[in-house]
>>> print(open('upload-v8.tsv').read())   # TSV, C-alpha atoms
chain	number	residue	atom	x	y	z
A	34	MET	CA	-13.24	-29.87	28.62
A	35	MET	CA	-13.86	-26.24	27.68
A	36	PHE	CA	-11.38	-24.58	25.34
A	37	PRO	CA	-10.64	-20.87	25.92
A	38	ARG	CA	-12.56	-18.57	23.60
A	39	LEU	CA	-10.80	-15.98	21.51
A	40	THR	CA	-11.16	-12.41	22.71
A	41	ALA	CA	-11.58	-9.48	20.35
A	42	ASP	CA	-7.91	-8.57	20.87
A	43	GLN	CA	-6.81	-12.04	19.76
A	44	ILE	CA	-8.77	-12.13	16.49
A	45	ASN	CA	-6.00	-10.50	14.44
A	46	MET	CA	-3.43	-12.94	15.79
A	47	ALA	CA	-5.74	-15.86	15.02
A	48	ILE	CA	-5.85	-14.80	11.36
A	49	TYR	CA	-2.10	-15.42	11.19
A	50	TYR	CA	-2.80	-19.07	12.03
A	51	ALA	CA	-5.86	-19.38	9.79
A	52	ILE	CA	-3.93	-18.34	6.67
A	53	PRO	CA	-1.20	-21.05	6.74
A	54	ALA	CA	-3.74	-23.65	7.92
A	55	THR	CA	-5.93	-22.91	4.90
A	56	PHE	CA	-2.93	-22.91	2.55
A	57	VAL	CA	-1.60	-26.28	3.78
A	58	ALA	CA	-5.07	-27.89	3.69
A	59	SER	CA	-5.59	-26.68	0.12
A	60	LYS	CA	-2.29	-28.21	-0.99
A	61	LEU	CA	-2.91	-31.57	0.71
A	62	ASN	CA	-6.19	-31.78	-1.20
A	63	ASN	CA	-7.78	-34.26	1.20
A	64	PHE	CA	-11.51	-33.87	1.91
A	65	TRP	CA	-11.23	-34.84	5.58
A	66	ILE	CA	-8.29	-32.54	6.22
A	67	LYS	CA	-10.19	-29.70	4.56
A	68	GLY	CA	-13.26	-30.44	6.68
A	69	ILE	CA	-11.25	-30.50	9.91
A	70	THR	CA	-9.53	-27.25	8.95
A	71	ILE	CA	-12.83	-25.52	8.21
A	72	ALA	CA	-14.33	-26.81	11.47
A	73	GLY	CA	-11.31	-25.65	13.46
A	74	ILE	CA	-11.22	-22.17	11.97
A	75	SER	CA	-15.01	-21.79	12.27
A	76	GLY	CA	-14.99	-22.98	15.87
A	77	ALA	CA	-12.23	-20.58	16.84
A	78	PHE	CA	-13.65	-17.46	15.16
A	79	LEU	CA	-17.40	-17.93	15.50
A	80	THR	CA	-17.20	-18.49	19.26
A	81	PHE	CA	-15.10	-15.41	19.99
A	82	GLN	CA	-15.96	-13.50	23.15
A	83	SER	CA	-16.92	-9.84	22.75
A	84	SER	CA	-16.33	-7.54	25.70
A	85	LYS	CA	-17.39	-4.05	24.60
A	86	PRO	CA	-20.98	-4.00	23.28
A	87	ARG	CA	-22.36	-1.05	21.34
A	88	THR	CA	-19.00	-0.01	19.91
A	89	VAL	CA	-17.74	0.20	16.34
A	90	GLY	CA	-14.72	-1.85	17.40
A	91	THR	CA	-16.83	-4.82	18.45
A	92	MET	CA	-18.95	-4.49	15.32
A	93	MET	CA	-15.91	-4.62	13.03
A	94	VAL	CA	-14.28	-7.51	14.92
A	95	SER	CA	-17.49	-9.54	14.70
A	96	VAL	CA	-17.59	-8.92	10.93
A	97	ILE	CA	-14.02	-10.24	10.58
A	98	ALA	CA	-14.78	-13.20	12.87
A	99	PHE	CA	-17.65	-14.25	10.59
A	100	LEU	CA	-15.96	-13.63	7.25
A	101	VAL	CA	-12.64	-15.39	7.93
A	102	PRO	CA	-14.24	-18.88	8.26
A	103	LEU	CA	-16.41	-18.10	5.22
A	104	LYS	CA	-13.34	-17.23	3.14
A	105	ALA	CA	-11.51	-20.37	4.35
A	106	THR	CA	-14.52	-22.50	3.40
A	107	GLN	CA	-14.68	-20.99	-0.07
A	108	LEU	CA	-10.95	-21.38	-0.71
A	109	LEU	CA	-11.00	-25.03	0.37
A	110	LEU	CA	-14.30	-26.21	-1.11
A	111	SER	CA	-14.74	-23.94	-4.12
A	112	PRO	CA	-11.43	-22.34	-5.15
A	113	SER	CA	-11.44	-19.88	-8.01
A	114	SER	CA	-11.36	-21.40	-11.50
A	115	ALA	CA	-8.24	-21.27	-13.63
A	116	SER	CA	-9.80	-18.48	-15.70
A	117	THR	CA	-10.04	-16.22	-12.64
A	118	PRO	CA	-6.76	-14.36	-12.03
A	119	THR	CA	-5.21	-14.72	-8.57
A	120	PRO	CA	-3.95	-11.65	-6.67
A	121	THR	CA	-0.36	-12.17	-7.85
A	122	GLN	CA	-1.57	-12.71	-11.43
A	123	GLN	CA	-3.51	-9.44	-11.15
A	124	LEU	CA	-0.32	-7.80	-9.91
A	125	GLN	CA	1.45	-9.05	-13.03
A	126	SER	CA	-1.28	-7.78	-15.34
A	127	TYR	CA	-1.44	-4.31	-13.81
A	128	SER	CA	2.27	-3.74	-13.11
A	129	THR	CA	5.30	-2.67	-15.11
A	130	GLU	CA	6.90	-5.03	-17.60
A	131	ARG	CA	9.89	-5.54	-15.30
A	132	ILE	CA	7.73	-6.68	-12.37
A	133	ASN	CA	5.69	-8.85	-14.73
A	134	LYS	CA	8.77	-10.69	-16.01
A	135	THR	CA	10.18	-11.12	-12.49
A	136	LEU	CA	6.99	-12.70	-11.19
A	137	GLU	CA	6.71	-14.91	-14.25
A	138	HIS	CA	10.26	-16.17	-13.64
A	139	ILE	CA	9.47	-16.90	-9.98
A	140	ARG	CA	6.27	-18.70	-10.95
A	141	GLY	CA	8.26	-20.97	-13.26
A	142	THR	CA	10.01	-22.72	-10.35
A	143	PHE	CA	8.33	-25.12	-7.90
A	144	ILE	CA	9.36	-23.25	-4.76
A	145	GLY	CA	8.56	-19.92	-6.36
A	146	SER	CA	5.10	-21.08	-7.44
A	147	GLN	CA	4.36	-22.28	-3.89
A	148	ILE	CA	5.53	-18.98	-2.43
A	149	LEU	CA	3.28	-17.05	-4.81
A	150	SER	CA	0.43	-19.44	-4.02
A	151	PHE	CA	0.87	-18.71	-0.30
A	152	ILE	CA	0.92	-14.98	-1.07
A	153	ASP	CA	-2.34	-15.45	-3.02
A	154	THR	CA	-3.94	-17.14	-0.01
A	155	THR	CA	-2.71	-14.36	2.27
A	156	CYS	CA	-4.07	-11.70	-0.08
A	157	GLU	CA	-7.49	-13.39	-0.16
A	158	PHE	CA	-7.76	-12.88	3.61
A	159	ALA	CA	-5.95	-9.52	3.72
A	160	TRP	CA	-8.37	-8.08	1.17
A	161	LEU	CA	-10.91	-7.83	4.01
A	162	LEU	CA	-8.70	-5.21	5.67
A	163	VAL	CA	-7.04	-3.65	2.63
A	164	PRO	CA	-9.35	-4.02	-0.40
A	165	PHE	CA	-6.95	-3.10	-3.19
A	166	THR	CA	-8.51	-3.26	-6.65
A	167	PRO	CA	-6.81	-2.96	-10.05
A	168	VAL	CA	-7.87	-0.07	-12.27
A	169	GLU	CA	-9.05	-1.20	-15.69
A	170	ILE	CA	-8.19	2.04	-17.52
A	171	PRO	CA	-5.28	3.73	-15.68
A	172	THR	CA	-5.13	6.86	-17.82
A	173	PHE	CA	-3.78	10.13	-16.46
A	174	LYS	CA	-7.17	11.82	-16.87
A	175	ASN	CA	-9.14	9.09	-15.08
A	176	THR	CA	-6.57	8.91	-12.27
A	177	THR	CA	-6.61	12.68	-11.78
A	178	ILE	CA	-10.42	12.78	-11.65
A	179	LYS	CA	-10.53	9.94	-9.11
A	180	ILE	CA	-7.89	11.55	-6.89
A	181	ILE	CA	-9.67	14.94	-6.94
A	182	GLU	CA	-13.03	13.28	-6.27
A	183	SER	CA	-11.58	11.31	-3.33
A	184	LEU	CA	-9.93	14.39	-1.80
A	185	ILE	CA	-13.10	16.48	-2.12
A	186	SER	CA	-15.14	13.64	-0.62
A	187	PHE	CA	-12.61	13.32	2.22
A	188	ALA	CA	-12.83	17.03	3.01
A	189	ILE	CA	-16.65	17.17	2.96
A	190	LYS	CA	-17.04	14.04	5.10
A	191	THR	CA	-14.42	15.19	7.60
A	192	ILE	CA	-16.34	18.42	8.15
A	193	ILE	CA	-19.88	16.96	8.20
A	194	ALA	CA	-19.26	13.81	10.29
A	195	PRO	CA	-18.65	15.47	13.71
A	196	ILE	CA	-21.53	17.89	13.13
A	197	LEU	CA	-23.95	15.05	12.39
A	198	HIS	CA	-22.68	13.15	15.42
A	199	SER	CA	-23.26	16.14	17.70
A	200	LYS	CA	-26.75	16.74	16.31
A	201	MET	CA	-27.73	13.08	16.79
A	202	LEU	CA	-26.36	13.14	20.33
A	203	GLU	CA	-28.43	16.24	21.07
A	204	LEU	CA	-31.66	14.70	19.75
A	205	ALA	CA	-31.05	11.30	21.35
A	206	THR	CA	-30.34	12.90	24.72
A	207	GLN	CA	-33.02	15.56	24.85
A	208	ASN	CA	-35.97	14.31	22.77
A	209	LYS	CA	-35.37	10.79	21.49
A	210	GLU	CA	-39.00	9.58	21.55
A	211	ASN	CA	-40.15	12.32	19.17
A	212	SER	CA	-37.05	12.29	16.99
A	213	THR	CA	-36.88	8.70	15.75
A	214	VAL	CA	-37.51	9.57	12.11
A	215	VAL	CA	-35.01	12.43	12.10
A	216	LEU	CA	-32.44	10.28	13.90
A	217	SER	CA	-32.92	7.54	11.31
A	218	LEU	CA	-32.34	10.02	8.49
A	219	LEU	CA	-29.30	11.58	10.16
A	220	PHE	CA	-27.86	8.16	10.96
A	221	SER	CA	-28.25	7.10	7.33
A	222	VAL	CA	-26.34	10.19	6.24
A	223	SER	CA	-23.70	9.59	8.93
A	224	ILE	CA	-22.97	6.16	7.41
A	225	LEU	CA	-22.09	7.91	4.17
A	226	THR	CA	-19.87	10.49	5.90
A	227	GLY	CA	-18.07	8.04	8.17
A	228	THR	CA	-15.73	6.77	5.44
A	229	ALA	CA	-13.42	9.78	5.02
A	230	ALA	CA	-10.34	7.70	5.84
A	231	ILE	CA	-11.12	5.34	2.95
A	232	ASP	CA	-11.30	8.31	0.56
A	233	MET	CA	-7.87	9.53	1.63
A	234	PHE	CA	-6.46	6.00	1.46
A	235	LYS	CA	-7.82	5.69	-2.07
A	236	ALA	CA	-6.23	8.98	-3.16
A	237	VAL	CA	-2.86	7.97	-1.71
A	238	THR	CA	-3.03	4.51	-3.32
A	239	LEU	CA	-3.88	5.95	-6.73
A	240	THR	CA	-1.02	8.43	-6.44
A	241	LEU	CA	1.64	5.94	-5.33
A	242	SER	CA	0.60	3.31	-7.91
A	243	PHE	CA	0.38	5.89	-10.73
A	244	GLY	CA	-3.30	5.08	-11.18
A	245	ARG	CA	-2.86	1.30	-11.54
A	246	TRP	CA	-4.47	0.40	-8.17
A	247	GLU	CA	-7.15	1.89	-5.95
A	248	VAL	CA	-8.96	1.05	-2.73
A	249	LEU	CA	-12.52	-0.22	-3.13
A	250	ASP	CA	-15.04	2.44	-2.13
A	251	PHE	CA	-17.30	1.68	0.81
A	252	ASN	CA	-20.16	3.27	-1.11
A	253	ARG	CA	-20.79	5.00	-4.43
A	254	TYR	CA	-23.66	7.48	-3.96
A	255	PRO	CA	-26.26	4.93	-2.79
A	256	PHE	CA	-29.02	7.56	-2.81
A	257	LEU	CA	-28.87	7.42	-6.62
A	258	SER	CA	-29.81	3.73	-6.74
A	259	THR	CA	-32.59	2.96	-9.21
A	260	SER	CA	-33.15	-0.55	-7.83
A	261	LEU	CA	-32.39	-2.53	-4.71
A	262	GLY	CA	-30.15	-4.81	-6.75
A	263	GLU	CA	-28.10	-1.81	-7.85
A	264	LEU	CA	-27.92	-0.54	-4.26
A	265	TRP	CA	-26.43	-3.75	-2.86
A	266	SER	CA	-24.23	-4.72	-5.79
A	267	LYS	CA	-22.83	-1.41	-7.04
A	268	ARG	CA	-23.44	1.40	-4.58
A	269	TYR	CA	-23.52	0.49	-0.88
A	270	ASN	CA	-21.15	-1.46	1.40
A	271	LEU	CA	-19.18	-2.62	-1.61
A	272	LEU	CA	-16.57	-4.49	0.42
A	273	ILE	CA	-19.13	-6.90	1.90
A	274	SER	CA	-21.02	-7.02	-1.39
A	275	ARG	CA	-17.90	-7.97	-3.38
A	276	PHE	CA	-16.77	-10.42	-0.71
A	277	LEU	CA	-20.09	-12.26	-0.55
A	278	HIS	CA	-20.34	-12.27	-4.34
A	279	ASN	CA	-16.98	-14.06	-4.57
A	280	THR	CA	-17.49	-16.43	-1.63
A	281	VAL	CA	-21.19	-17.32	-2.00
A	282	PHE	CA	-22.75	-16.22	-5.30
A	283	VAL	CA	-19.93	-17.29	-7.65
A	284	PRO	CA	-19.41	-20.74	-6.05
A	285	MET	CA	-23.14	-21.45	-6.16
A	286	ARG	CA	-23.28	-20.48	-9.82
A	287	ARG	CA	-20.30	-22.75	-10.41
A	288	PHE	CA	-22.24	-25.61	-8.79
A	289	GLY	CA	-25.11	-25.05	-11.22
A	290	TYR	CA	-27.58	-22.99	-9.18
A	291	SER	CA	-29.64	-20.32	-10.92
A	292	PRO	CA	-28.80	-16.60	-10.51
A	293	SER	CA	-31.96	-16.03	-8.45
A	294	ASN	CA	-31.24	-18.91	-6.05
A	295	SER	CA	-27.61	-17.84	-5.78
A	296	SER	CA	-28.73	-14.28	-5.03
A	297	LEU	CA	-31.17	-15.44	-2.33
A	298	ALA	CA	-28.44	-17.58	-0.77
A	299	THR	CA	-26.07	-14.59	-0.78
A	300	PHE	CA	-28.64	-12.39	0.97
A	301	SER	CA	-29.28	-15.20	3.48
A	302	VAL	CA	-25.59	-15.41	4.32
A	303	SER	CA	-25.51	-11.62	4.57
A	304	GLY	CA	-28.45	-11.88	6.98
A	305	LEU	CA	-26.57	-14.44	9.10
A	306	LEU	CA	-23.52	-12.18	9.09
A	307	HIS	CA	-25.52	-9.24	10.37
A	308	VAL	CA	-27.31	-11.43	12.94
A	309	PHE	CA	-23.86	-12.41	14.21
A	310	VAL	CA	-22.90	-8.74	14.35
A	311	ALA	CA	-26.14	-7.78	16.09
A	312	TYR	CA	-25.65	-10.55	18.67
A	313	HIS	CA	-22.17	-9.36	19.65
A	314	THR	CA	-22.78	-5.63	19.31
A	315	PHE	CA	-26.35	-5.16	20.55
A	316	GLN	CA	-27.57	-8.54	21.94
A	317	LYS	CA	-31.06	-8.02	20.50
A	318	ASN	CA	-33.33	-7.94	17.40
A	319	LEU	CA	-31.71	-10.99	15.80
A	320	ILE	CA	-34.88	-12.12	14.00
A	321	ASN	CA	-35.63	-8.62	12.69
A	322	THR	CA	-32.07	-8.32	11.42
A	323	PHE	CA	-32.33	-11.54	9.40
A	324	LEU	CA	-35.80	-10.54	8.18
A	325	PHE	CA	-34.40	-7.24	6.85
A	326	PHE	CA	-31.90	-8.96	4.58
A	327	GLY	CA	-34.32	-11.74	3.70
A	328	LEU	CA	-36.91	-9.22	2.49
A	329	HIS	CA	-34.28	-7.40	0.48
A	330	GLY	CA	-33.18	-10.67	-1.12
A	331	VAL	CA	-36.77	-11.46	-2.08
A	332	TRP	CA	-37.29	-7.96	-3.50
A	333	VAL	CA	-34.12	-8.21	-5.62
A	334	THR	CA	-35.46	-11.53	-6.97
A	335	VAL	CA	-38.80	-9.85	-7.77
A	336	GLU	CA	-36.90	-7.09	-9.60
A	337	HIS	CA	-35.16	-9.74	-11.69
A	338	PHE	CA	-38.27	-11.73	-12.66
A	339	THR	CA	-40.45	-8.70	-13.39
A	340	ALA	CA	-37.82	-6.89	-15.50
A	341	PHE	CA	-38.18	-4.01	-13.04
A	342	ARG	CA	-35.17	-2.16	-14.43
A	343	GLN	CA	-36.34	-2.34	-18.04
A	344	ARG	CA	-40.06	-1.62	-17.65
A	345	VAL	CA	-40.17	1.11	-14.99
A	346	PRO	CA	-38.84	4.66	-15.57
A	347	ALA	CA	-35.61	5.48	-13.73
A	348	LEU	CA	-37.12	8.23	-11.55
A	349	LEU	CA	-39.98	5.98	-10.42
A	350	ARG	CA	-37.53	3.12	-9.74
A	351	THR	CA	-35.45	5.41	-7.54
A	352	LEU	CA	-38.56	6.45	-5.60
A	353	VAL	CA	-39.78	2.85	-5.14
A	354	THR	CA	-36.31	1.75	-4.01
A	355	ALA	CA	-36.08	4.59	-1.48
A	356	LEU	CA	-39.56	3.84	-0.12
A	357	PHE	CA	-38.87	0.12	0.24
A	358	PHE	CA	-35.56	0.76	1.97
A	359	SER	CA	-37.14	3.33	4.30
A	360	ALA	CA	-40.02	0.98	5.17
A	361	THR	CA	-37.68	-1.89	6.09
A	362	PHE	CA	-34.91	0.23	7.64
A	363	PRO	CA	-36.24	-0.02	11.24
A	364	LEU	CA	-35.78	-3.81	11.17
A	365	TYR	CA	-31.99	-3.41	11.20
A	366	GLY	CA	-31.26	0.29	11.46
A	367	GLY	CA	-33.50	0.43	14.52
A	368	LEU	CA	-30.74	-1.37	16.43
A	369	PHE	CA	-28.55	1.71	16.20
A	370	ILE	CA	-31.35	4.15	16.97
A	371	ASP	CA	-32.43	2.15	20.03
A	372	ALA	CA	-28.82	2.09	21.24
A	373	MET	CA	-28.59	5.90	21.21
A	374	PRO	CA	-27.31	7.91	22.98
A	375	GLU	CA	-24.99	5.19	24.35
A	376	TRP	CA	-23.88	4.23	20.83
A	377	LEU	CA	-22.91	7.84	20.14
A	378	THR	CA	-21.05	8.38	23.40
A	379	ASN	CA	-19.18	5.09	22.96
A	380	ASN	CA	-18.11	6.05	19.45
A	381	PRO	CA	-17.13	9.71	19.38
A	382	VAL	CA	-16.19	11.37	16.10
A	383	PRO	CA	-13.00	13.45	16.42
A	384	ILE	CA	-12.62	16.84	14.77
A	385	ALA	CA	-9.60	17.13	12.50
A	386	GLU	CA	-7.39	20.11	13.33
A	387	TRP	CA	-7.51	21.47	9.78
A	388	SER	CA	-11.32	21.41	9.80
A	389	ARG	CA	-11.80	22.74	13.33
A	390	PRO	CA	-12.38	26.40	12.37
A	391	ILE	CA	-15.13	25.39	9.93
A	392	VAL	CA	-16.73	22.88	12.33
A	393	ASP	CA	-16.57	25.33	15.25
A	394	TYR	CA	-18.30	27.92	13.08
A	395	LEU	CA	-21.09	25.59	11.92
A	396	LEU	CA	-21.76	23.66	15.15
A	397	PRO	CA	-23.49	26.49	17.12
A	398	LYS	CA	-25.77	27.14	14.14
A	399	ILE	CA	-26.92	23.51	13.95
A	400	VAL	CA	-26.54	22.04	17.43
A	401	ASN	CA	-28.17	23.53	20.52
A	402	ARG	CA	-25.72	22.92	23.37
A	403	SER	CA	-27.67	24.76	26.04
>>> encode(input="upload-v8.tsv", output="structure tokens")
Amino acid sequence: MMFPRLTADQINMAIYYAIPATFVASKLNNFWIKGITIAGISGAFLTFQSSKPRTVGTMMVSVIAFLVPLKATQLLLSPSSASTPTPTQQLQSYSTERINKTLEHIRGTFIGSQILSFIDTTCEFAWLLVPFTPVEIPTFKNTTIKIIESLISFAIKTIIAPILHSKMLELATQNKENSTVVLSLLFSVSILTGTAAIDMFKAVTLTLSFGRWEVLDFNRYPFLSTSLGELWSKRYNLLISRFLHNTVFVPMRRFGYSPSNSSLATFSVSGLLHVFVAYHTFQKNLINTFLFFGLHGVWVTVEHFTAFRQRVPALLRTLVTALFFSATFPLYGGLFIDAMPEWLTNNPVPIAEWSRPIVDYLLPKIVNRS
């Protein structure tokens, strides 16, 4: 008997069932119940049926479909230690004294503690969509600098993104065979400019929380990375990096594995995630995709064992990192270049009304629309 597969539109609804199922299984604390729960959630999400290839929507849904079972597995088999604060405990630590006392009172009752525990489980999953992060030093000066930086970044990205998109569409349509290198460079830049909404969300969050909370950046100037380890852990795709660190690296360290083995395992899982994404979004280059992340995991291990960061000058490290990334980029980034111009036409970049005069002025100077 064949069970119906989830469609992309049903993934969000399925999360609403995965959360209470994970919570109940964690409270029952029975190995077999946990195993059945993990198998059920994995079976439902990992077999979802994608319908719109070569779209950002399908790419994002496939990411969620892979990470939800991974989070459920981590929560059931390797929950955070008592020394690691839960989301509601973080809320207590970074909130006003009144909220702190209220939550502490609720936590003191059985029903209240269970409600907060369920909220913690919900937040663990919701963090994938809304990655709120507490601010360690919520001073007025730091908050003001972060808000200004986010607003400036939002403005620049909003202006540049549609221009880059139009230029890539021009090259991919008119002269793709001779423009692969330029397209790769422009696409890399477009990844950095495609996160304007996150910048605005961060500025709003900082303002409304009076600097106590912010939204995790998607990237933090990755072109300044002085090592591949720094690129993946501190500067690029920080949501996935933080998520995999908490769900793979930390549990493996807790089970006694070395940092290097835990790092390789994390990169392997990242490779599987991107293979899953490539399968649903592009239906090709699955081996190359896994090889890309495997090579990067090996290189990060080499950096660790050779004391790369301590022995090599910063400028030379930056150059070596950029060269290594550029040399391996076609293994995974080539998926997007090969999918052009269809990828670009399927995922248009709108022009914001406030930026239209600037964009309309710059476009004719950069893009040949003849």
>>> residues_around(input="upload-v8.tsv", residues="stretch 354-366 of chain A", least_positions_apart="2", cutoff="8 Å", atoms="all atoms listed in the file", output="mmCIF file with C-alpha atoms, keeping the file's coordinate frame")
data_model
loop_
_atom_site.group_PDB
_atom_site.id
_atom_site.type_symbol
_atom_site.label_atom_id
_atom_site.label_comp_id
_atom_site.auth_asym_id
_atom_site.auth_seq_id
_atom_site.Cartn_x
_atom_site.Cartn_y
_atom_site.Cartn_z
ATOM 1 C CA SER A 217 -32.920 7.540 11.310
ATOM 2 C CA PHE A 256 -29.020 7.560 -2.810
ATOM 3 C CA SER A 258 -29.810 3.730 -6.740
ATOM 4 C CA THR A 259 -32.590 2.960 -9.210
ATOM 5 C CA SER A 260 -33.150 -0.550 -7.830
ATOM 6 C CA LEU A 261 -32.390 -2.530 -4.710
ATOM 7 C CA ASN A 318 -33.330 -7.940 17.400
ATOM 8 C CA ASN A 321 -35.630 -8.620 12.690
ATOM 9 C CA THR A 322 -32.070 -8.320 11.420
ATOM 10 C CA LEU A 324 -35.800 -10.540 8.180
ATOM 11 C CA PHE A 325 -34.400 -7.240 6.850
ATOM 12 C CA ARG A 350 -37.530 3.120 -9.740
ATOM 13 C CA THR A 351 -35.450 5.410 -7.540
ATOM 14 C CA LEU A 352 -38.560 6.450 -5.600
ATOM 15 C CA LEU A 368 -30.740 -1.370 16.430
ATOM 16 C CA PHE A 369 -28.550 1.710 16.200
ATOM 17 C CA ILE A 370 -31.350 4.150 16.970
#
>>> closest_residue(input="upload-v8.tsv", among="A:Ala72, A:Ile144, A:Ile48, A:Ile320", to="A:Ile97", atoms="all atoms listed in the file")
A:Ile48
>>> closest_residue(input="upload-v8.tsv", among="A:Thr172, A:Ser274, A:Ser199, A:Asn45", to="A:Met93", atoms="all atoms listed in the file")
A:Asn45
>>> atom_distance(input="upload-v8.tsv", atom1="atom CA of A:Ala340", atom2="atom CA of A:Thr280")
26.4 Å
>>> residues_around(input="upload-v8.tsv", residues="A:Phe338", least_positions_apart="5", cutoff="10 Å", atoms="all atoms listed in the file", output="ChimeraX atom specification")
/A:293,332-333
>>> residues_near_point(input="upload-v8.tsv", point="(-18.5, -19.4, -5.6)", cutoff="12 Å", atoms="all atoms listed in the file", output="ChimeraX atom specification")
/A:103-104,106-114,117,275-290,292,295-296,298-299
>>> closest_residue(input="upload-v8.tsv", among="A:Ala372, A:Ala58, A:Val168, A:Ile52", to="A:Thr154", atoms="all atoms listed in the file")
A:Ile52
>>> build_atoms(input="upload-v8.tsv", residues="stretch 340-346 of chain A", atoms="all heavy atoms", output="compact mmCIF listing (two decimals), in the coordinates of the input")
# COMPACT_ATOMS: atom_id res chain seq x y z
N ALA A 340 -38.52 -7.84 -14.61
CA ALA A 340 -37.82 -6.89 -15.50
C ALA A 340 -38.04 -5.46 -15.01
O ALA A 340 -38.29 -4.54 -15.80
CB ALA A 340 -38.29 -7.06 -16.94
N PHE A 341 -37.94 -5.30 -13.69
CA PHE A 341 -38.18 -4.01 -13.04
C PHE A 341 -37.33 -2.90 -13.66
O PHE A 341 -37.81 -1.78 -13.90
CB PHE A 341 -37.88 -4.15 -11.55
CG PHE A 341 -38.06 -2.90 -10.74
CD1 PHE A 341 -39.33 -2.43 -10.43
CD2 PHE A 341 -36.96 -2.19 -10.27
CE1 PHE A 341 -39.50 -1.28 -9.67
CE2 PHE A 341 -37.13 -1.04 -9.51
CZ PHE A 341 -38.39 -0.59 -9.21
N ARG A 342 -36.08 -3.19 -13.94
CA ARG A 342 -35.17 -2.16 -14.43
C ARG A 342 -35.48 -1.75 -15.87
O ARG A 342 -35.16 -0.64 -16.29
CB ARG A 342 -33.72 -2.65 -14.34
CG ARG A 342 -33.27 -3.01 -12.93
CD ARG A 342 -31.82 -3.42 -12.91
NE ARG A 342 -31.46 -4.01 -11.63
CZ ARG A 342 -30.23 -4.42 -11.32
NH1 ARG A 342 -29.28 -4.31 -12.21
NH2 ARG A 342 -29.97 -4.95 -10.13
N GLN A 343 -36.06 -2.65 -16.63
CA GLN A 343 -36.34 -2.34 -18.04
C GLN A 343 -37.70 -1.69 -18.24
O GLN A 343 -37.88 -0.86 -19.15
CB GLN A 343 -36.26 -3.63 -18.89
CG GLN A 343 -34.87 -4.22 -19.04
CD GLN A 343 -34.38 -4.95 -17.80
OE1 GLN A 343 -35.19 -5.55 -17.09
NE2 GLN A 343 -33.09 -4.92 -17.55
N ARG A 344 -38.68 -2.04 -17.42
CA ARG A 344 -40.06 -1.62 -17.65
C ARG A 344 -40.45 -0.34 -16.92
O ARG A 344 -41.38 0.35 -17.34
CB ARG A 344 -41.02 -2.74 -17.26
CG ARG A 344 -40.86 -4.01 -18.09
CD ARG A 344 -41.86 -5.06 -17.64
NE ARG A 344 -41.77 -6.27 -18.46
CZ ARG A 344 -42.50 -7.35 -18.26
NH1 ARG A 344 -43.41 -7.38 -17.28
NH2 ARG A 344 -42.36 -8.41 -19.04
N VAL A 345 -39.77 -0.04 -15.81
CA VAL A 345 -40.17 1.11 -14.99
C VAL A 345 -39.20 2.27 -15.23
O VAL A 345 -37.99 2.07 -15.26
CB VAL A 345 -40.16 0.71 -13.49
CG1 VAL A 345 -40.61 1.89 -12.63
CG2 VAL A 345 -41.05 -0.50 -13.26
N PRO A 346 -39.71 3.49 -15.38
CA PRO A 346 -38.84 4.66 -15.57
C PRO A 346 -37.86 4.84 -14.42
O PRO A 346 -38.16 4.51 -13.27
CB PRO A 346 -39.84 5.83 -15.64
CG PRO A 346 -41.12 5.20 -16.08
CD PRO A 346 -41.14 3.83 -15.47
